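Peer 1: If you scroll down you'll find the structure; I have some questions about it.
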Amino acid sequence: MPPLAIAGQIERFLLAVAAERRQSANYRRSLRQSLERFGRWLEARGAGLASVDLAMLGEYLAALRGEGLADSSCRVATVHLQLFFRFLAARGVLPTDPAALLHGGRVTQQVPETLSAAAVQRLLESVDPMDLPYGARDRAMLEMLYGSGLRVSELVQLSTDRIDRESGFLRVLGKGSKTRYVPLGGVAAKALARYMEAGRPLLVREGVRSDAVFLSRLGRPLTRERVRQVICQRARDAGLSEHVFPHIMRHSFATHLLENGADLRVIQDMLGHADLATTQIYTHVEQKRLEQLHRRFHPRGRHRPGDAP
């Protein structure tokens, strides 16, 4: 099998993933990037798929770690290789699955970054919804990211027909093309109504048709990167010292709900997590906060010089 054969097999695999597993475009993009990186590594060695074995896969993952790739990213790369080679073996492209015994190692769970409620309020209130059209647009985006816990991809894909103003819910298309309903909230609903009625019409351009809720100055749907740029700039304008990015609003949404007594399974449903274990990462934020409060206020919470360990 020639070295370049892997390119065709990657395409076959991605087509199968799109047809059979109905994964999102972002997931398929991640798969492609991961497998093409492996393909380039194979080509640099002058090797082809037929020569791949468990030792070679271990060598590749070790090379990724040597390049400074995080443990979590190496784990993702491992899963992608397992899926790919399982597919090749099942289709008879390879006689055996060389990744069947591949282990990705333990992944260190990172505690998500969040903003305090005061920082969120400062950010939101720094954007004037009466400033048309961009103040109204940006305030509505921020209120929805924080008030509904949307992913930025869900925000930019949101279309006007997915807003139910009467019920106060959004019909969101999440990961894996799964639809879920999330509450909009009174403050976010008011900001969105202001934008839709007074801001969005000013962004509509003749000859450019789009049903996306959030539009650019050219009348086209905002991109994820543009939303990130807007939020970073708004955070700087608000004088926040924290690194603010779209997903931190989602993290803050979940954390503040948990801190105020919301049930973890309710938060799971609103975030659109398939597995409760994914949502449980936010309990680490609460535990960290409680530890800090204990160290600060309890007479035995702080270690003093000379204390016994």
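Within each chain, counting starts at residue 1; across the structure tokens, chains are named A, B, ... in the order shown, with ligands numbered 1 upward in that order.
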Looking only at the backbone, which of the residues in stretch 85-150 of chain A does DSSP tag as alpha helix (DSSP H), as a PyMOL selection string?
Peer 2: chain A and resi 85-90+117-125+134-148
Peer 1: Could you please write out, as a PyMOL selection string, every residue of stretch 26-271 of chain A that DSSP assigns to strand (DSSP E or B)?
Peer 2: chain A and resi 159+163-164+169-173+179-183+212+215+221
Peer 1: Can you spit out the residues from that selection as a PDB file, in the first residue's frame, using C-alpha atoms?
Peer 2:
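Ended up saving to result06.pdb:
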ATOM      1  CA  SER A 159     -31.815  31.566  13.219  1.00  0.00           C
ATOM      2  CA  ILE A 163     -36.744  32.001  18.923  1.00  0.00           C
ATOM      3  CA  ASP A 164     -40.068  31.482  20.699  1.00  0.00           C
ATOM      4  CA  PHE A 169     -37.306  29.523  24.966  1.00  0.00           C
ATOM      5  CA  LEU A 170     -34.693  29.034  22.261  1.00  0.00           C
ATOM      6  CA  ARG A 171     -34.565  25.979  20.003  1.00  0.00           C
ATOM      7  CA  VAL A 172     -30.826  25.367  19.834  1.00  0.00           C
ATOM      8  CA  LEU A 173     -28.984  23.081  17.430  1.00  0.00           C
ATOM      9  CA  THR A 179     -31.874  20.015  19.227  1.00  0.00           C
ATOM     10  CA  ARG A 180     -32.550  21.204  22.763  1.00  0.00           C
ATOM     11  CA  TYR A 181     -34.732  23.893  24.292  1.00  0.00           C
ATOM     12  CA  VAL A 182     -33.122  26.396  26.637  1.00  0.00           C
ATOM     13  CA  PRO A 183     -34.751  29.240  28.583  1.00  0.00           C
ATOM     14  CA  ALA A 212     -29.223  34.343  11.217  1.00  0.00           C
ATOM     15  CA  LEU A 215     -25.342  39.799  11.661  1.00  0.00           C
ATOM     16  CA  PRO A 221     -23.925  35.854   9.850  1.00  0.00           C
TER      17      PRO A 221
END
Peer 1: So, with only C-alpha atoms as the atoms that count, which of A:Arg37, A:Arg194, A:Arg32, A:Arg65 lies closest to A:Met130?
Peer 2: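 Closest candidate: A:Arg194.
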